[in-house]
Every structure is written in C-alpha cells, then in structure tokens.
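Below: the structure, in structure tokens.
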Amino acid sequence: MKLFFTNLKIKKKFILAFVISALIPQTILGIILFLNLRAIALENAIKDTRKNVEDVKIKLMDIVQNAVDISNKLYLDKKLLNILSTEYEDISKIYDDYISYTELSNLMSIYNKNIHAIKIYAFNPTLLDTGEIVKVDDYTKNQEWFKEAIKGDGKILWELVFDNNPFRPQYYFSLIRLIKNSYGERIGVMVIYIKKEKLEEVLSLHLNTLVITDKGIIVAAKDKDLVGKKLNFNFSSQDGKLIENVNIDGQRTMAILGTISASESGSSFLKVISFFSKKEIFKRVNKITFITFVLILVNSLVSLLLMLLFSKLITDRIAILNKKVNEISHGNLDAQINILGNDEIGQLTENIKTMAKNIKNLIDQVYLAEVQKQQIIAKQREIQFEMLCSQINPHFLFNTLEAIRMKAFCTGQYEIAQVVYLLSNLLRKSIEMTIDLITLEKEIEIVKEFLEIQKFRFGNKIDYKIEVQDDLLSSKVLPFIIQPLVENSIRHGIEPMIGKGTIEIKVFEKDGTIKIIVTDNGAGMPKEKLEEVLQSLDSKDKSHVGLKNVYHRLKLFYGEEAKIFINSELGKGTSVEIQIPKR
C-alpha cells in the first residue's frame, strides 16, 4: 500500500486525499438523507390516498343508497307494473292512469338532492311518451347500457347513460335495472340518473380519485376527460392495499382501491380508486436533495480550493508546462517555455522544447516537398492538356471559307454554301476550344454539324440518329469528346462497308453517371484488333490519335471516374461507350 501511494502522481495524491476525507463521507450522508426523505414522502402519500378513498366512499354511499332505494320501490310498485303491462286501446284511459300515478314525481321530490331524473323505458307500444315514461325505440335498443340491463335480468347495474335532453344532452352516472311483471315478462328498463353536480361536489377535494364500475369503466372523476374511459387492472385487490403500476390515461401511477359494498350498490359493485404519481410526490424531495447536494458540492469545492492553495508551490509549474504543451499540440510550435529548475519538471521542459523544434523542421521539409510535387503535377497536366487540345485544333482560313460560301450562294449553289458554313462553324469551335466545360447541348450541335458535312460528302451512304435525355442538355462536359468517336465510326466503320451505314448516338443518365454511346453498323473489327485498340489507349505511339485524345482528356479532367468501353464484332459494327460523372 505504501508503494502504491508513493508511485502516484502528485495531482492524483491530492485528489485521492480529497475523495477519501471529504467527498465520499458527504456523498454517503446525502444519499442516506435522500432515501429517507423519499420513504417518508411515499408513506405520507399512501396515507393521504387511503383517507381520500374512505372520504369519497362515505360521501358516495348516501347517493348510491338513494338510487338503490328508488330502484327497489319502483321494482315492486304494482301500479307502475300494471301501467307498463296494460295494452291500452283508449287514450283517455292512459291519461287517467298517468294522472293518478304520482310515485315518480314523489320520489323525485324526496331525492332531488342527489337524483337528476328518473326514466322508465317501456316496451309497451300502446303507451304515450312523457318526461318520465318513454317508449323504447331502435336507438335505445342499440345502446350498450340498455343491452346490459336486459342481460342483468332485474339486477341493479351501474352504467354511463346518455340523456338526450335537447336542452342539456350529456352522459350521467346512472342506476339501470330491468323491470319484469309477475309473470316474469320484460316490460321496461328503469334508469335513475345521478346528479353530476353532486358527484362533482363529492370529488371536488379529491383530484386524483375516480369512481369505476365492476367493468372498469370510469363513471365519475374531477377530470371530465377521464369519464367513460376503461381501466385495466386487477379488481380483486384488497381494499386499502397499495397497487403499483396502474395505467391511468397513459400515466403510470400507484393507487389505493376501495369498494362500495353490495348493500349500498346493489348486485354489481362500485370501486373508488385514488391514485398518485411517484414523480409528483418526489418533486419536493428532489428539490431538498438538490439543495443538499449543492451544499455538498460547495463544501467540496471549498475543501478542494484550500487543498490546491497548499499545493500551489508544486502545481504552478505543472500548470504552466501543461498550458505550453497544449499550445504546441494545437500547432504553435514556436511557443516559448520558460520554467526554471533542474528537477524532473525542468528536464521535461527542455525535452519538449527540443521535440517541438524537431517537429517544426520536419513539417517544413515535408510541406516544401509536397508543394513542389503538386506544382510539378499541375504543370505536367497543363502541358499535357494543351498538347492534346492542339492535336484536334486545325487552323483554317475563315475569311477564305466565307468567301467561298458567299460565291456558292450567289451562284445558286445553296447546298455547297450550307456545307461551307457548317465546316467554318465547326473549325471555329475547334480553334476556340479551351479547357472550359461546355453544355451537352452545344456538344451535340458540334456533332450534328460534323455529321451534316459527312452526309454531303457521302450522300445517302450515311444516316444518323441522336437521342439525348432532355434534362441532360444543360449538363457540363468537356468539348469535342463525341465528335472524334463519330469521325472514327465513319472512317473505320461506314467508309469500308458496302451499302448504307447508320450512326446512333444515345446520351442518358444512370446512377448519377452520364453515359454517351456511339454505335455504327459498319465493318466492325475482329477480337485481336479490338484488343490492340484497347491496349493502345495507354501507350505513347501515334496510332488511334482521335480516340486516345478523348481518352486522355477524360482521364486528366475526371480522373478515375471517367471510363471508356469499346465493343466490336466483325461485319456487324462497333459501339463506343463513355461514362463520366454528372456535373
């Protein structure tokens, strides 16, 4: 252990001493405080949530019991059952029975504190619709709550029922129950609507508390957006027991469950669930923890500052040396390092100064050599390009050609005048050619002028077809890279053949590359001759000058991105394909 501490660097010794003596103990205390605060906050949240559940249960039991009492009275009300079962033929008899039956009005006056409305949906088609007794129509039959009431076969059920009151249509938490006569026949469905205001009053002080049915449907909540949604969790959990990971509206929460027993809720049960988010209850804990760790950090910084002050005599020179080395590493090889002393730091300083000087000398030598190399290469390429261009730049006397053209035109030799014009235009473009790029459209114009001249020479022996992809016409290419290929096709392919020859030029784009294909149906060449032509492209002999000029110009300008392919078959013709990048 002693040897371990002896071999540590000075800075590491200071840091290690600080960590052991101050940082670790303070951090441990902070973590213990944080965990205890979280446990206390969680315990208080669970306690408050249990209290919320019990408070809501007590307040809700009175409302629920009112609805159950009304349900039981109506279920056994013989006069109501008689009205619902009687098939009326006389309307006056219906009015008499309606007027004499006041039980619904009496119940509403007694329980109007908690009950919004009582409706009886009757199957009897001979009855008349009133505000309290309504005939069942197709719309009602298709409602889920109505289907559930039929399935319940007289049991008390709790559902969300839509009241289509024209003045205030909305959903209500309601008791529903099928009504049967003494013969067991279905004669109607009662719906007892609970007052929304009463539920809101019960839940007003309990934001995170919900009332749900035995199917998990939320029937009451302070947050109205939750009403009607379904919760999926284990309803068999014991009352008052903490349930973790309950998904409420996409949020993971912890919840306490409470049940309103059957004596109050009827055959189906109601659940009261109160929930809370760990994230929310730990906000205050996290704030306290943050302040605690800030204090720990401040204390640690003060301790570290004091330690650094005591070690300043040793670390000052190391800091200066580190700064200068950093300057050197960023390219300042002339940085001056002035650190006195003959100890290890002083020796290291001298070695770094010597190293920086050697690196600077080496960089200067390499840079100079590279500049010279690039200048030589650039000059060679310039000379090569000018030489290649000069080979296809014949100089003609434009004034003489123009005089010939005008003479031919004046004597009625219009075809000769046109050909002289094309020749003059073609030669002018050849002489003016530079290393600047031209549009593909201009390059095609050069080829067309050349082909028209050749058609004048050979008559009907030559025909041509040019197909260019429209969106490529504005693309830039080297000048005079297609005309030499066409000239070769005429000279070596069409001239030697018997009969009419055709030259096809196709230009299109594929995979970001411009493809230029010149095809003739001329004499073609045998395989041995084709191999000789391909090998001559990289040679320095004087053969195949036109093709070699195009090849070398492409390679000099585009580099390895430029490619040329030649296919030929004796007696069937030749095809030359150029591939260059689209620019």
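Just so we're on the same page: first chain in the structure tokens is A, next is B, and so on; residues restart at 1 for each chain, and ligands are numbered from 1 in the order they show up.
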Fill in: Non-local contacts of A:Thr126 (8 Å; only C-alpha atoms; under 4 positions in same chain excluded) as a PyMOL selection string
chain A and resi 87-89
Residues just named, written with C-alpha atoms as a PDB file, in the first residue's frame:
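Writing done, so here's result-v4.pdb:
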```pdb
ATOM      1  CA  GLU A  87    -102.293  -2.709 -23.608  1.00  0.00           C
ATOM      2  CA  TYR A  88    -104.353   0.480 -23.908  1.00  0.00           C
ATOM      3  CA  GLU A  89    -106.949   0.983 -26.560  1.00  0.00           C
TER       4      GLU A  89
END
```
Worksheet item: Which residues, written as a PyMOL selection string, have at least one atom at most 7 Å from stretch 38-50 of chain A, with only C-alpha atoms counted and residues fewer than 3 positions away on the same chain left out?
Response: chain A and resi 34-35+53-54+240+256+274-275+281-282+285
Hey, can you spit out that residue selection with N, CA and C atoms as a JSON list (two decimals), in the first residue's frame?
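Listing of part_16.json after writing:
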```
[["chain", "number", "residue", "atom", "x", "y", "z"],
["A", 34, "PHE", "N", -31.47, 11.40, 1.23],
["A", 34, "PHE", "CA", -32.37, 11.32, 0.08],
["A", 34, "PHE", "C", -33.30, 10.11, 0.19],
["A", 35, "LEU", "N", -32.75, 8.96, 0.52],
["A", 35, "LEU", "CA", -33.57, 7.74, 0.61],
["A", 35, "LEU", "C", -34.60, 7.85, 1.73],
["A", 53, "VAL", "N", -59.84, 7.80, -0.31],
["A", 53, "VAL", "CA", -60.74, 6.70, -0.68],
["A", 53, "VAL", "C", -61.87, 6.58, 0.33],
["A", 54, "GLU", "N", -61.55, 6.62, 1.61],
["A", 54, "GLU", "CA", -62.58, 6.48, 2.64],
["A", 54, "GLU", "C", -63.55, 7.66, 2.63],
["A", 240, "GLY", "N", -57.76, -0.88, 0.42],
["A", 240, "GLY", "CA", -56.74, -0.22, 1.23],
["A", 240, "GLY", "C", -55.33, -0.67, 0.93],
["A", 256, "ILE", "N", -54.77, 3.27, -4.49],
["A", 256, "ILE", "CA", -55.44, 2.59, -3.39],
["A", 256, "ILE", "C", -56.89, 2.35, -3.81],
["A", 274, "SER", "N", -58.19, 5.87, -5.75],
["A", 274, "SER", "CA", -57.45, 7.13, -5.62],
["A", 274, "SER", "C", -55.99, 6.84, -5.95],
["A", 275, "PHE", "N", -55.40, 7.67, -6.77],
["A", 275, "PHE", "CA", -54.05, 7.38, -7.28],
["A", 275, "PHE", "C", -53.12, 8.58, -7.10],
["A", 281, "ILE", "N", -44.98, 13.24, -6.14],
["A", 281, "ILE", "CA", -44.73, 13.31, -4.69],
["A", 281, "ILE", "C", -43.25, 13.46, -4.38],
["A", 282, "PHE", "N", -42.40, 13.06, -5.32],
["A", 282, "PHE", "CA", -40.97, 13.17, -5.07],
["A", 282, "PHE", "C", -40.39, 14.50, -5.53],
["A", 285, "VAL", "N", -39.08, 16.28, -2.54],
["A", 285, "VAL", "CA", -37.91, 15.54, -2.06],
["A", 285, "VAL", "C", -36.71, 15.82, -2.96]]
```
Fill in: Nearby residues (only C-alpha atoms) at most 10 Å from stretch 563-579 of chain A, same-chain spacing under 5 positions excluded, as a ChimeraX atom specification
/A:481-482,485-486,488-489,492-494,497,501-507,509-510,513-527,529-531,533-534,547,550-551,554-555,558
Practice prompt. Compare A:Lys224, A:Lys151, A:Lys230, A:Lys215 by their minimum atom-to-atom distance to A:Arg186, counting only C-alpha atoms, and give me the closest one.
Written response: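 The shortest atom-to-atom distance to A:Arg186 comes from A:Lys151.
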Worksheet item: Mind pulling up the distance from atom CA of A:Lys312 to atom CA of A:Ile337?
Response: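 These two atoms are separated by 19.1 Å.
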Practice prompt. Name the residues of stretch 166-387 of chain A that fall into helix (DSSP H, G or I) according to DSSP on the backbone, using the chain letters and numbers of this document, as number ranges by chain.
Written response: A: 196-203, 224-226, 262-265, 278-310, 312-329, 344-387
